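First the structure, in the form of structure tokens, and then the observations on it.
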Amino acid sequence: MTNSLNSLLVHADAGISSHPETHPVALPIAVSSTYIQPVPADLAPFIAAEKAAMAAPAHGEVKSFEYVYSRDESPTTSRVEAVMGALEGAYPGSPGHAHAVVFSTGLAAISAAMQHYAPKRIVTMLGYFGSLAGLEKYLRNRAGVTHLALTPQDALPADLGAGDLVMVESPLNPFGDVTNLAPIAARARAVGAHVVVDGTLAPPPLQYALATGIDCVIHSATKYLGGHSDLLGGVLVTHDAATAAALRVERTDIGWTMGSLEAWLLLRSLRTLALRVREQTKTAAVLAAWFEKIVACDASVPNALHGTLTKVRHASLGPQPEWVKVQMPGGHSPVLAVELANRDAARAVAHLLNVAKPATSLGGVETLVEWRQQCDPSMPDGLVRISVGIEDVEDLKVDWTRALVAAQKVAEGAAKARAAAA
């Protein structure tokens with residue numbers, strides 16, 4: 001098997017048998033919740049003789065005891081896990097394919113990791129409010145488990161030790177900021193702690209989180225892995241086979257299994273992952289640089305845009321330390337954030353775009369724009385998150401030029417209406 005990333009994404013699951021009688025090129029969805037079991041080998045000749053004497057109708061020969069019940073696994077989820085394991089293990093110096101476990105959602109994968117490691121203390125560097133809400137629910141009924149919240153700029157606690165779990169989100173939602181994972185992994189490994197990274201905003205080939213020495217990486221498959229805004233799912237990937245095996249058992253027992261349709265849609269999407277995210281990250285970097293010129297009131301942008309943006313956040317802007325280049329070999333996350341001059345303009349701008357769509361979530365082929373404070377009150381009231389799709393960057397610039405000017409007019413109109421009503 002080739003080690004080319006695009007080829008791995010298309011063929012990494014080729015060794016998993018399905019529908020041998022027809023050999024389809026595109027895998028049909030496996031919707032069965034249960035599977036015919038094989039005859040016990042030691043009883044096979046006797047059962048065959050009795051069935052022949054009874055002229056009983058055949059169920060078809062079952063040659064291997066692969067699948068029993070879809071809450072455990074199915075042919076489609078097995079294929080997704082094979083592709084994801086190959087994908088996350090495709091970095092230079094890798095010990096080989098990693099082991100992936102799929103879940104019903106990204107938050108289910110995060111919850112599974114916390115339950116599996118059963119830490120005495122959880123040290124977090126998180127930005128996504130959903131992860132923080134899930135952590136709060138996990139801690140609520142676990143007396144004795146403590147939580148230490150850090151920013152990416154903070155040092156790990158001096159007393160970090162065995163029994164601690166470090167959870168890092170990198171890149172950070174909604175800004176795309178990158179955290180240096182290698183020293184965190186090395187420090188944790190030296191004292192017997194574990195490190196879990198949420199790498200949703202930068203899947204391979206942008207970032208190979210396992211290459212930094214962490215224990216496992218988690219993705220919300222709803223985002224870039226799915227890439228078409230039509231599925232919910234989560235994936236946890238580790239180089240440790242025993243951890244993956246234990247997580248599969250826990251997934252079955254708790255009921256965090258991914259559905260058949262979602263697994264089939266995810267498998268379809270993974271085939272084009274590298275093609276999509278490489279294009280998205282290029283476009284995001286160009287768009288971020290253009291936004292930066294608007295913030296600076298550069299002469300190259302129309303005068304009407306001057307003053308419409310006050311800040312832009314994207315990891316491609318500014319100095320690039322060497323560790324960033326090593327950790328993000330394929331480019332930065334296609335997620336960026338801008339701040340508009342006032343709250344009303346920020347609330348309005350997504351609804352004034354024609355190419356981009358006003359919606360939450362990220363990672364799809366379409367550009368999505370969201371006034372972030374509506375779901376995360378901790379965000380500045382002028383902040384807008386942008387998940388860049390695969391549209392042409394010049395089309396996006398034209399779209400934003402119109403929308404920023406219009407948003408400013410909307411804000412002025414709203415201000416006048418409030419003044420008149422006062």
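Ordered as shown in the structure tokens, chains take letters A, B, and onward, while each chain numbers its residues from 1 and ligands are numbered from 1 in the order shown.
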Inset, instruction - Looking only at alpha helix (DSSP H) from DSSP on the backbone, list the matching residues of stretch 51-185 of chain A as a ChimeraX atom specification. - result: /A:51-54,75-88,106-117,129-140,181-185
Legend entry - Contact residues around stretch 140-153 of chain A with only C-alpha atoms at 6 Å, ignoring same-chain residues under 2 positions, as a PyMOL selection string: chain A and resi 120-125+137-138+179
Emit the selected residues as a tab-separated table (two decimals), in the first residue's frame, including all heavy atoms.
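After the write, result13.tsv holds the following:
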```
chain	number	residue	atom	x	y	z
A	120	LYS	N	-7.56	11.99	38.29
A	120	LYS	CA	-7.78	12.62	39.59
A	120	LYS	C	-7.88	14.14	39.42
A	120	LYS	O	-8.52	14.83	40.21
A	120	LYS	CB	-6.63	12.29	40.54
A	120	LYS	CG	-6.49	10.81	40.85
A	120	LYS	CD	-5.28	10.54	41.71
A	120	LYS	CE	-5.10	9.06	42.00
A	120	LYS	NZ	-3.86	8.78	42.78
A	121	ARG	N	-7.22	14.63	38.38
A	121	ARG	CA	-7.27	16.05	38.08
A	121	ARG	C	-7.25	16.23	36.56
A	121	ARG	O	-6.55	15.51	35.84
A	121	ARG	CB	-6.09	16.79	38.70
A	121	ARG	CG	-6.05	18.28	38.34
A	121	ARG	CD	-4.96	19.04	39.07
A	121	ARG	NE	-3.63	18.53	38.78
A	121	ARG	CZ	-2.51	19.09	39.23
A	121	ARG	NH1	-2.57	20.17	40.02
A	121	ARG	NH2	-1.34	18.58	38.94
A	122	ILE	N	-8.04	17.18	36.07
A	122	ILE	CA	-8.07	17.49	34.64
A	122	ILE	C	-7.53	18.90	34.46
A	122	ILE	O	-8.05	19.87	35.04
A	122	ILE	CB	-9.49	17.38	34.06
A	122	ILE	CG1	-10.04	15.97	34.28
A	122	ILE	CG2	-9.49	17.72	32.58
A	122	ILE	CD1	-11.47	15.78	33.81
A	123	VAL	N	-6.48	19.01	33.68
A	123	VAL	CA	-5.86	20.30	33.36
A	123	VAL	C	-6.26	20.64	31.93
A	123	VAL	O	-6.01	19.84	31.02
A	123	VAL	CB	-4.33	20.24	33.50
A	123	VAL	CG1	-3.72	21.59	33.16
A	123	VAL	CG2	-3.94	19.80	34.90
A	124	THR	N	-6.90	21.77	31.72
A	124	THR	CA	-7.42	22.09	30.39
A	124	THR	C	-6.83	23.35	29.80
A	124	THR	O	-6.53	24.31	30.49
A	124	THR	CB	-8.95	22.24	30.43
A	124	THR	OG1	-9.30	23.32	31.32
A	124	THR	CG2	-9.62	20.96	30.89
A	125	MET	N	-6.69	23.31	28.48
A	125	MET	CA	-6.42	24.48	27.65
A	125	MET	C	-7.44	24.41	26.52
A	125	MET	O	-7.13	23.99	25.41
A	125	MET	CB	-4.99	24.46	27.11
A	125	MET	CG	-3.91	24.51	28.17
A	125	MET	SD	-2.25	24.42	27.44
A	125	MET	CE	-1.22	24.33	28.92
A	137	LYS	N	-20.25	18.83	33.19
A	137	LYS	CA	-21.17	17.72	33.49
A	137	LYS	C	-20.40	16.51	34.00
A	137	LYS	O	-20.87	15.80	34.90
A	137	LYS	CB	-21.97	17.34	32.25
A	137	LYS	CG	-22.78	18.46	31.64
A	137	LYS	CD	-23.80	19.03	32.59
A	137	LYS	CE	-24.69	20.05	31.91
A	137	LYS	NZ	-23.96	21.24	31.40
A	138	TYR	N	-19.23	16.25	33.45
A	138	TYR	CA	-18.41	15.12	33.90
A	138	TYR	C	-18.00	15.31	35.36
A	138	TYR	O	-18.05	14.36	36.16
A	138	TYR	CB	-17.17	14.99	33.02
A	138	TYR	CG	-16.21	13.91	33.46
A	138	TYR	CD1	-16.38	12.60	33.05
A	138	TYR	CD2	-15.13	14.21	34.28
A	138	TYR	CE1	-15.51	11.60	33.45
A	138	TYR	CE2	-14.25	13.23	34.69
A	138	TYR	CZ	-14.44	11.92	34.28
A	138	TYR	OH	-13.57	10.93	34.69
A	179	THR	N	-1.26	25.82	19.81
A	179	THR	CA	-0.51	25.56	21.05
A	179	THR	C	0.62	24.58	20.75
A	179	THR	O	0.42	23.60	20.03
A	179	THR	CB	-1.43	24.97	22.12
A	179	THR	OG1	-2.47	25.92	22.41
A	179	THR	CG2	-0.67	24.66	23.40
```
Write out as an mmCIF file with N, CA, C and O atoms, in the first residue's frame the residues lying within 8 Å of A:Gly89, counting only C-alpha atoms and excluding same-chain residues fewer than 2 positions away.
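Produced file around.cif, reproduced below:
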```
data_model
loop_
_atom_site.group_PDB
_atom_site.id
_atom_site.type_symbol
_atom_site.label_atom_id
_atom_site.label_comp_id
_atom_site.auth_asym_id
_atom_site.auth_seq_id
_atom_site.Cartn_x
_atom_site.Cartn_y
_atom_site.Cartn_z
ATOM 1 N N GLY A 85 -7.307 5.635 11.090
ATOM 2 C CA GLY A 85 -6.049 5.163 11.668
ATOM 3 C C GLY A 85 -4.886 5.358 10.717
ATOM 4 O O GLY A 85 -3.786 5.772 11.124
ATOM 5 N N ALA A 86 -5.121 5.074 9.440
ATOM 6 C CA ALA A 86 -4.068 5.288 8.438
ATOM 7 C C ALA A 86 -3.749 6.769 8.290
ATOM 8 O O ALA A 86 -2.577 7.165 8.183
ATOM 9 N N LEU A 87 -4.786 7.606 8.298
ATOM 10 C CA LEU A 87 -4.608 9.049 8.132
ATOM 11 C C LEU A 87 -3.772 9.641 9.256
ATOM 12 O O LEU A 87 -2.798 10.360 9.013
ATOM 13 N N TYR A 91 2.392 10.317 9.200
ATOM 14 C CA TYR A 91 3.419 11.349 9.315
ATOM 15 C C TYR A 91 4.818 10.719 9.291
ATOM 16 O O TYR A 91 4.981 9.540 9.616
ATOM 17 N N SER A 94 6.407 7.903 11.843
ATOM 18 C CA SER A 94 5.310 7.240 12.547
ATOM 19 C C SER A 94 5.617 5.755 12.729
ATOM 20 O O SER A 94 6.200 5.118 11.859
ATOM 21 N N PRO A 95 5.190 5.168 13.871
ATOM 22 C CA PRO A 95 5.376 3.728 14.069
ATOM 23 C C PRO A 95 4.438 2.887 13.212
ATOM 24 O O PRO A 95 4.509 1.653 13.241
ATOM 25 N N GLY A 96 3.559 3.529 12.452
ATOM 26 C CA GLY A 96 2.623 2.807 11.597
ATOM 27 C C GLY A 96 1.225 3.345 11.761
ATOM 28 O O GLY A 96 0.997 4.376 12.399
ATOM 29 N N HIS A 97 0.275 2.658 11.152
ATOM 30 C CA HIS A 97 -1.108 3.084 11.253
ATOM 31 C C HIS A 97 -1.533 3.138 12.719
ATOM 32 O O HIS A 97 -1.195 2.262 13.510
ATOM 33 N N ALA A 98 -2.296 4.164 13.053
ATOM 34 C CA ALA A 98 -2.819 4.303 14.409
ATOM 35 C C ALA A 98 -4.142 3.540 14.524
ATOM 36 O O ALA A 98 -4.591 2.893 13.570
ATOM 37 N N TYR A 208 -0.568 16.772 12.371
ATOM 38 C CA TYR A 208 -0.526 15.383 12.831
ATOM 39 C C TYR A 208 -0.243 15.414 14.325
ATOM 40 O O TYR A 208 0.908 15.357 14.760
ATOM 41 N N LEU A 210 -0.607 13.315 16.739
ATOM 42 C CA LEU A 210 0.065 12.166 17.351
ATOM 43 C C LEU A 210 1.582 12.232 17.176
ATOM 44 O O LEU A 210 2.320 11.636 17.962
ATOM 45 N N HIS A 239 -2.112 5.669 19.140
ATOM 46 C CA HIS A 239 -1.169 4.632 18.697
ATOM 47 C C HIS A 239 -1.230 3.401 19.605
ATOM 48 O O HIS A 239 -0.625 2.370 19.279
#
```
Legend entry - Neighbour list for A:Pro380 as number ranges by chain, cut-off 10 Å, only C-alpha atoms, skip fewer than 2 positions in-chain: A: 339-340, 343, 371-373, 376-378, 382-384
Legend entry - Distance in Å - atom CA of A:Leu236 versus atom CA of A:Val10: 19.9 Å
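We find atom CA of A:Asp42 and atom CA of A:Val249 to be spaced 27.9 Å apart.
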Inset, instruction - Quick one: pull the distance between atom CA of A:Leu8 and atom CA of A:Pro28, Å, one decimal. - result: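 Interatomic distance here is 19.7 Å.
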Inset, instruction - May I have the residues within 10 Å of stretch 306-316 of chain A as a PyMOL selection string, using only C-alpha atoms and disregarding those fewer than 6 positions away in the same chain? - result: chain A and resi 171-172+174-178+281-282+284-299+324+331-342+345-346+382-385+401+404-405+407-408
Legend entry - Which residue of A:Ala348, A:Ile218, A:Val166, A:Leu126 approaches A:Ala112 most closely, using only C-alpha atoms: A:Ile218
Inset, instruction - Taking the chain letters and numbering used in this document, name the residues of stretch 60-297 of chain A that DSSP puts in strand (DSSP E), as a PyMOL selection string. - result: chain A and resi 99-103+121-125+146-149+164-169+194-198+216-220+234-238
Legend entry - Contact residues around stretch 74-81 of chain A with only C-alpha atoms at 8 Å, ignoring same-chain residues under 4 positions, as a ChimeraX atom specification: /A:13,16,18,29-30,67,69-70,85,99-102,258,260,263-264,266-267
